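This report concerns only the one structure given below.
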Amino acid sequence: MSLRKEATARIKINRLLEHAGWRFFDDKNGPANIVLEPNVKLKAEDVEVLGSDFEKSPKGFIDFLLLDGSGKPLIVLEAKSEDKNPLSGKEQARKYARSQNARFVILSNGNIHYLWDLEQGNPSVISAFPGPEEIKNHYAFEPDANRLVAEPVGLDFIAVTQMPGYTNEAAWKNEVERPTFIEKQKLRFLRKYQHRAIERIQEEARKGATRFLFEMATGTGKTLTSAAVVKLFLKTRNAKRVLFLVDRLELETQADKAFKAYLKNDFTSVIYKEQRDDWRKADIVVTTVQSLLFNDKYRRLFSPTDFDLVISDEAHRSIGGNARAVFEYFIGYKLGLTATPKDYLKQSRKAKSSERDPREAERRMMLDTYRTFGCESGDPTYRYTLLDGVRDGFLINPYVVDARTGVTTQLLSDQGFTIETTADDGSEVKEAFAGKDFEKRFFAEATNRAFCRTLLEHGMRDPISGEFGKTIAFAVSQNHAAKITQILNELADQLWPARYQSDFAVQVTSDVANSQKMTVNFANNNLGGHSGFLESYRTSKARVCVTVGMMTTGYDCPDLLNLALMRPIFSPSDFVQMKGRGTRKHNFSEELFDPAQKAARGDVQKSAFRLFDFFANCEFFEEKFQYDQELLLPKPSAMPLSTGGDTITTTAAAAVYEFLEPDQVVYHVEEQIGTEGMRIDRELFQKFEETARADNKLSELVEQQDWDAATRHVIEELFEKPTEYFNLEKLRRAAGVDRRISVRELVEKAFGFIPKFKSKTELIDDEFQKFLIDQKPEEADRIREMRYFFEAYIRDANVRALIDAGHFADLNVNPTFTTRDLKEVPVPWRKRIPEYIKDYVSLNPFM
């Protein structure tokens, strides 16, 4: 068996070498550039027996020496059998590489590979071998952490790139003119906390760290800080090219625009999809993770040595699931950015049925953001919270408008909105609807109108033009977003006749064409064109974007004055992200292009924003959301309530109800949040986690990674004990998780092994991306339809049963996925998608 593993490893390594462009023997492409120790050059006929004879070496190992065009050593490749850790050959390879004057080492057992730059640090995992040209180019790259550490970084680190001689300008020397000069030249200076973040990288680099994580609240300038990091690495020649990864298209444009504004005098930035043919000429390449994942593009078009610094924006999202493969493909320094505190994240997936499945263990590693960036303790390289930003005067806490109608008051009550219906047998049946049923099973046009009227009557106005302030409204679903958009436009036409042509409010959801572009235009004050309220003032004609989830994470629009939560929210991280859209400060005078008016008005600063809360979300997270106790949700009725997820689970008994009577706001309270912030911004840690970490025996078991024993210990010693009465279901509800979790996941979260529980939707997104990479469907124009089928088959047991039984006609009466939806799926995939899910996707977490 050992000989077989050795031979198999050799064959795999040979194929990897040939695929990367290395040659065992002379051919039309050039002379052989692989030499086997001790200086044995292969002939063409020897290729057939590669792998079977190499382990006959008396030393018990084999070295490949990879050469450049002139025959000089470039890389020593140390090969091990499949059952051995390739790192076990590290010291032997170092010794041999030095004797050959080779700078690079590859350590491989055919399955796991490491690339090691002897002049830079530790071996890095790679998934493909670099080719002759890539490694030759990399030889010219000579990083030195000492240069990075010694580089002086001042508060004007970015400004001196934007305008090198700014201190010599007369307007700068005149303190009275200086603010106007800075604004006119658009000079950006680092704030002290941003400067401290750069210092932390230098301090950690001095200790040999190559991975860093910044946890910075929304609105604290992660992109500006990133630009300073990019300049630090490029200027000190510790990176020759930087990859900036985002997870959404609008963030791609946003980041590229920022890098050009901050660094264009010294470094070039491009968006990959716009410069596919000459991206190598750029210093900074910005792209979405999804773009590189599709069709395995990152492996086919890039070498592991193409980028020496990879920055992951919104790291907990952009390296989750399959995206981690892109991030880890490239060697070199890694920086993660996140606005979501670790303790808000709802943790990752692992099904009980696959406790010992190595694929699941790998998945957990891929989702562990903090460990990925070398922050095993749970503390990031640098942290700057919302409360820090408010305290220092850089961010704004919301002015909360708690407005509830007669209907929503009942929906939010313990009893819910109760109706009586008559069953087929003539008996009276009571049914209760909860807040989470709104616009899913319980529909009320009058309530939606009450929301919209309240928003328009009490929303903040633009301080320059006096028109309704820019607003984001968060709806329950895409259908609900369409309704809200229509109502807002109707009311706007009554309030401002002939001013808007149904473009006061715009639906910005994934099923709307060019929705990504809409988010960019709204931030750039050009959605629907420019407002005509004041000629010399630039602001968007569209005043309200109605969305579901597109404009939550990472969306930068500092002149927002109103946020409207027209939906119940149960996830702490979702609530924090939505609230964070309004916390940034803004000088409205910057949009005035008439110098006289600008001078007359002076600075017009945003000092507040209004958070319209129509479902008592703030109260829920401030008073009712308990991290260690069961949530008191509305009592169940004789009729089952909906799950609150994205898809409605409908049974024969479950019905929908449309409320047709008038409705109006009956509860209206406004409150300015002080510097102490909301409770959700203060109370992050669950008592269970504190209890678990304080348990010495459990800590010992976790340190040994004896997960079976740790699980038993929690069940026997921590669960169902007096005072707390912890149990799995209570903790699941307290964390706001919409799926099953295991005791092991709880332990891993408590000790920092995983950062969050993903929702059902996020898990399905991960599984579908994995499906695309594995199956590579050619029907690119039907990906959305396939995604809908994929999700319906996983989520809906009724759909699954009908598909498996071949009863396709019965889908006509299914509310979530119909025969018409199935016909939109390409014929081969109607069978292959269910087969794939059965083979590779555990349904346990979705039950």
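Naming scheme: A, B, ... for chains in displayed order of the structure tokens; residues 1 onward per chain; ligands 1 onward as shown.
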Exercise for the section: Just the residues within 12 Å of region 714-720 of chain A, please, counting only C-alpha atoms, with nothing from its chain fewer than 4 positions along; format it as a PyMOL selection string. Expected result: chain A and resi 628+687-699+701-702+707-710+724-731+742-748+750
Go ahead and write the residues just picked, C-alpha atoms, as a PDB file, in the first residue's frame.
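result_36.pdb was written with the following content:
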```
ATOM      1  CA  ASP A 628     -29.179  33.256  26.797  1.00  0.00           C
ATOM      2  CA  LYS A 687     -23.794  33.905  28.770  1.00  0.00           C
ATOM      3  CA  PHE A 688     -23.452  30.441  27.351  1.00  0.00           C
ATOM      4  CA  GLU A 689     -20.173  31.353  25.692  1.00  0.00           C
ATOM      5  CA  GLU A 690     -18.870  32.902  28.910  1.00  0.00           C
ATOM      6  CA  THR A 691     -19.929  29.822  30.881  1.00  0.00           C
ATOM      7  CA  ALA A 692     -18.349  27.487  28.338  1.00  0.00           C
ATOM      8  CA  ARG A 693     -15.029  29.348  28.267  1.00  0.00           C
ATOM      9  CA  ALA A 694     -14.935  29.426  32.059  1.00  0.00           C
ATOM     10  CA  ASP A 695     -15.270  25.640  32.262  1.00  0.00           C
ATOM     11  CA  ASN A 696     -11.710  24.322  32.704  1.00  0.00           C
ATOM     12  CA  LYS A 697     -12.545  20.763  31.724  1.00  0.00           C
ATOM     13  CA  LEU A 698     -14.281  21.882  28.550  1.00  0.00           C
ATOM     14  CA  SER A 699     -11.370  24.188  27.713  1.00  0.00           C
ATOM     15  CA  LEU A 701     -11.108  19.054  25.772  1.00  0.00           C
ATOM     16  CA  VAL A 702     -11.341  21.820  23.185  1.00  0.00           C
ATOM     17  CA  TRP A 707     -14.987  17.150  20.044  1.00  0.00           C
ATOM     18  CA  ASP A 708     -16.966  14.036  20.976  1.00  0.00           C
ATOM     19  CA  ALA A 709     -15.942  14.358  24.615  1.00  0.00           C
ATOM     20  CA  ALA A 710     -16.522  18.109  24.555  1.00  0.00           C
ATOM     21  CA  GLU A 724     -29.787  29.153  33.150  1.00  0.00           C
ATOM     22  CA  TYR A 725     -31.289  25.899  31.808  1.00  0.00           C
ATOM     23  CA  PHE A 726     -29.248  26.038  28.627  1.00  0.00           C
ATOM     24  CA  ASN A 727     -30.368  23.735  25.838  1.00  0.00           C
ATOM     25  CA  LEU A 728     -29.776  23.517  22.118  1.00  0.00           C
ATOM     26  CA  GLU A 729     -33.134  24.914  21.033  1.00  0.00           C
ATOM     27  CA  LYS A 730     -33.014  27.893  23.401  1.00  0.00           C
ATOM     28  CA  LEU A 731     -29.540  28.812  22.222  1.00  0.00           C
ATOM     29  CA  SER A 742     -25.301  21.054  16.805  1.00  0.00           C
ATOM     30  CA  VAL A 743     -23.707  21.173  20.241  1.00  0.00           C
ATOM     31  CA  ARG A 744     -20.303  21.005  18.615  1.00  0.00           C
ATOM     32  CA  GLU A 745     -21.048  24.160  16.635  1.00  0.00           C
ATOM     33  CA  LEU A 746     -21.935  25.955  19.870  1.00  0.00           C
ATOM     34  CA  VAL A 747     -18.633  24.914  21.399  1.00  0.00           C
ATOM     35  CA  GLU A 748     -16.665  25.906  18.302  1.00  0.00           C
ATOM     36  CA  ALA A 750     -17.682  29.853  22.046  1.00  0.00           C
TER      37      ALA A 750
END
```
Practice task
Write out as a list of chain:residue names which residues come within 7 Å of region 256-270 of chain A when counting only C-alpha atoms, dropping same-chain ones fewer than 3 positions away.
Solution key: A:Ile158, A:Thr161, A:Gln162, A:Ala227, A:Glu252, A:Thr253, A:Gln275, A:Trp279, A:Ala282, A:Asp283, A:Ile284, A:Val285, A:Val286
Exercise for the section: Any chance you could list, as a PyMOL selection string, the residues in region 468-590 of chain A that come up strand (DSSP E or B) when DSSP is run on the backbone? Expected result: chain A and resi 468+471-474+505-507+530+537+540+544-547+562-565+584+587
For those residues, write N, CA, C and O atoms to a file as an mmCIF file, in the first residue's frame.
```cif
data_model
loop_
_atom_site.group_PDB
_atom_site.id
_atom_site.type_symbol
_atom_site.label_atom_id
_atom_site.label_comp_id
_atom_site.auth_asym_id
_atom_site.auth_seq_id
_atom_site.Cartn_x
_atom_site.Cartn_y
_atom_site.Cartn_z
ATOM 1 N N PHE A 468 -37.498 65.960 0.007
ATOM 2 C CA PHE A 468 -37.443 64.808 0.900
ATOM 3 C C PHE A 468 -36.051 64.204 0.882
ATOM 4 O O PHE A 468 -35.438 64.013 -0.168
ATOM 5 N N THR A 471 -33.368 58.249 1.048
ATOM 6 C CA THR A 471 -33.896 57.233 1.954
ATOM 7 C C THR A 471 -33.704 55.836 1.378
ATOM 8 O O THR A 471 -33.778 55.638 0.165
ATOM 9 N N ILE A 472 -33.462 54.873 2.255
ATOM 10 C CA ILE A 472 -33.544 53.455 1.894
ATOM 11 C C ILE A 472 -34.658 52.842 2.732
ATOM 12 O O ILE A 472 -34.690 53.010 3.955
ATOM 13 N N ALA A 473 -35.574 52.136 2.062
ATOM 14 C CA ALA A 473 -36.636 51.411 2.757
ATOM 15 C C ALA A 473 -36.393 49.918 2.567
ATOM 16 O O ALA A 473 -36.193 49.451 1.437
ATOM 17 N N PHE A 474 -36.389 49.157 3.663
ATOM 18 C CA PHE A 474 -36.145 47.715 3.616
ATOM 19 C C PHE A 474 -37.483 46.984 3.693
ATOM 20 O O PHE A 474 -38.216 47.103 4.679
ATOM 21 N N ALA A 505 -39.702 57.097 -5.931
ATOM 22 C CA ALA A 505 -39.230 55.856 -5.310
ATOM 23 C C ALA A 505 -38.897 54.850 -6.401
ATOM 24 O O ALA A 505 -39.594 54.767 -7.416
ATOM 25 N N VAL A 506 -37.828 54.099 -6.207
ATOM 26 C CA VAL A 506 -37.369 53.122 -7.192
ATOM 27 C C VAL A 506 -37.137 51.790 -6.495
ATOM 28 O O VAL A 506 -36.515 51.746 -5.423
ATOM 29 N N GLN A 507 -37.654 50.717 -7.083
ATOM 30 C CA GLN A 507 -37.398 49.384 -6.544
ATOM 31 C C GLN A 507 -36.001 48.935 -6.951
ATOM 32 O O GLN A 507 -35.665 48.913 -8.135
ATOM 33 N N HIS A 530 -30.815 64.172 -12.210
ATOM 34 C CA HIS A 530 -30.562 65.090 -11.103
ATOM 35 C C HIS A 530 -31.847 65.810 -10.708
ATOM 36 O O HIS A 530 -32.699 66.121 -11.533
ATOM 37 N N TYR A 537 -27.452 72.599 -7.229
ATOM 38 C CA TYR A 537 -27.218 71.562 -6.211
ATOM 39 C C TYR A 537 -27.367 70.196 -6.856
ATOM 40 O O TYR A 537 -28.351 69.914 -7.541
ATOM 41 N N SER A 540 -29.760 63.298 -6.234
ATOM 42 C CA SER A 540 -30.514 62.382 -7.075
ATOM 43 C C SER A 540 -31.984 62.772 -7.160
ATOM 44 O O SER A 540 -32.587 63.173 -6.163
ATOM 45 N N VAL A 544 -36.055 57.733 -2.852
ATOM 46 C CA VAL A 544 -36.174 56.544 -2.016
ATOM 47 C C VAL A 544 -35.821 55.307 -2.836
ATOM 48 O O VAL A 544 -36.359 55.112 -3.928
ATOM 49 N N CYS A 545 -34.920 54.502 -2.305
ATOM 50 C CA CYS A 545 -34.648 53.177 -2.866
ATOM 51 C C CYS A 545 -35.333 52.148 -1.977
ATOM 52 O O CYS A 545 -35.082 52.110 -0.765
ATOM 53 N N VAL A 546 -36.175 51.333 -2.581
ATOM 54 C CA VAL A 546 -36.856 50.282 -1.830
ATOM 55 C C VAL A 546 -36.187 48.959 -2.175
ATOM 56 O O VAL A 546 -36.157 48.544 -3.332
ATOM 57 N N THR A 547 -35.612 48.324 -1.175
ATOM 58 C CA THR A 547 -34.819 47.121 -1.403
ATOM 59 C C THR A 547 -35.200 46.050 -0.398
ATOM 60 O O THR A 547 -36.019 46.275 0.502
ATOM 61 N N ASN A 562 -32.745 59.117 5.923
ATOM 62 C CA ASN A 562 -33.811 58.288 6.489
ATOM 63 C C ASN A 562 -33.586 56.825 6.142
ATOM 64 O O ASN A 562 -33.168 56.492 5.025
ATOM 65 N N LEU A 563 -33.845 55.961 7.094
ATOM 66 C CA LEU A 563 -33.899 54.526 6.870
ATOM 67 C C LEU A 563 -35.250 54.053 7.378
ATOM 68 O O LEU A 563 -35.697 54.480 8.444
ATOM 69 N N ALA A 564 -35.910 53.185 6.622
ATOM 70 C CA ALA A 564 -37.234 52.699 7.017
ATOM 71 C C ALA A 564 -37.224 51.184 7.073
ATOM 72 O O ALA A 564 -36.995 50.518 6.055
ATOM 73 N N LEU A 565 -37.447 50.641 8.255
ATOM 74 C CA LEU A 565 -37.506 49.194 8.442
ATOM 75 C C LEU A 565 -38.965 48.786 8.334
ATOM 76 O O LEU A 565 -39.700 48.781 9.323
ATOM 77 N N ARG A 584 -22.894 57.399 8.761
ATOM 78 C CA ARG A 584 -21.798 58.229 8.253
ATOM 79 C C ARG A 584 -22.182 59.705 8.240
ATOM 80 O O ARG A 584 -23.317 60.077 7.938
ATOM 81 N N ASN A 587 -21.099 66.378 4.511
ATOM 82 C CA ASN A 587 -21.227 67.823 4.331
ATOM 83 C C ASN A 587 -22.012 68.067 3.047
ATOM 84 O O ASN A 587 -21.501 67.888 1.941
#
```
Handout entry: Selection near Ile331 (chain A), 8 Å with only C-alpha atoms, sequence-local residues under 4 positions removed, as a list in words
Key = Leu115, Ser124, Val125, Ile126, Pro304, Thr305, Phe307 and Asp308 of chain A
Shell around Gly466 (chain A) at 10 Å using only C-alpha atoms, local window under 6 positions removed, as a PDB file with C-alpha atoms, in the first residue's frame:
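Dumped to part.pdb:
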```
ATOM      1  CA  MET A 460     -35.928  64.387   7.324  1.00  0.00           C
ATOM      2  CA  PHE A 533     -35.437  71.509  -6.771  1.00  0.00           C
ATOM      3  CA  LEU A 534     -32.289  73.668  -6.782  1.00  0.00           C
TER       4      LEU A 534
END
```
Exercise for the section: Provide the CA of Thr405 (chain A) to CA of Phe614 (chain A) distance in Å, to one decimal place. Expected result: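 One can read the CA of Thr405 (chain A) to CA of Phe614 (chain A) distance as 8.0 Å.
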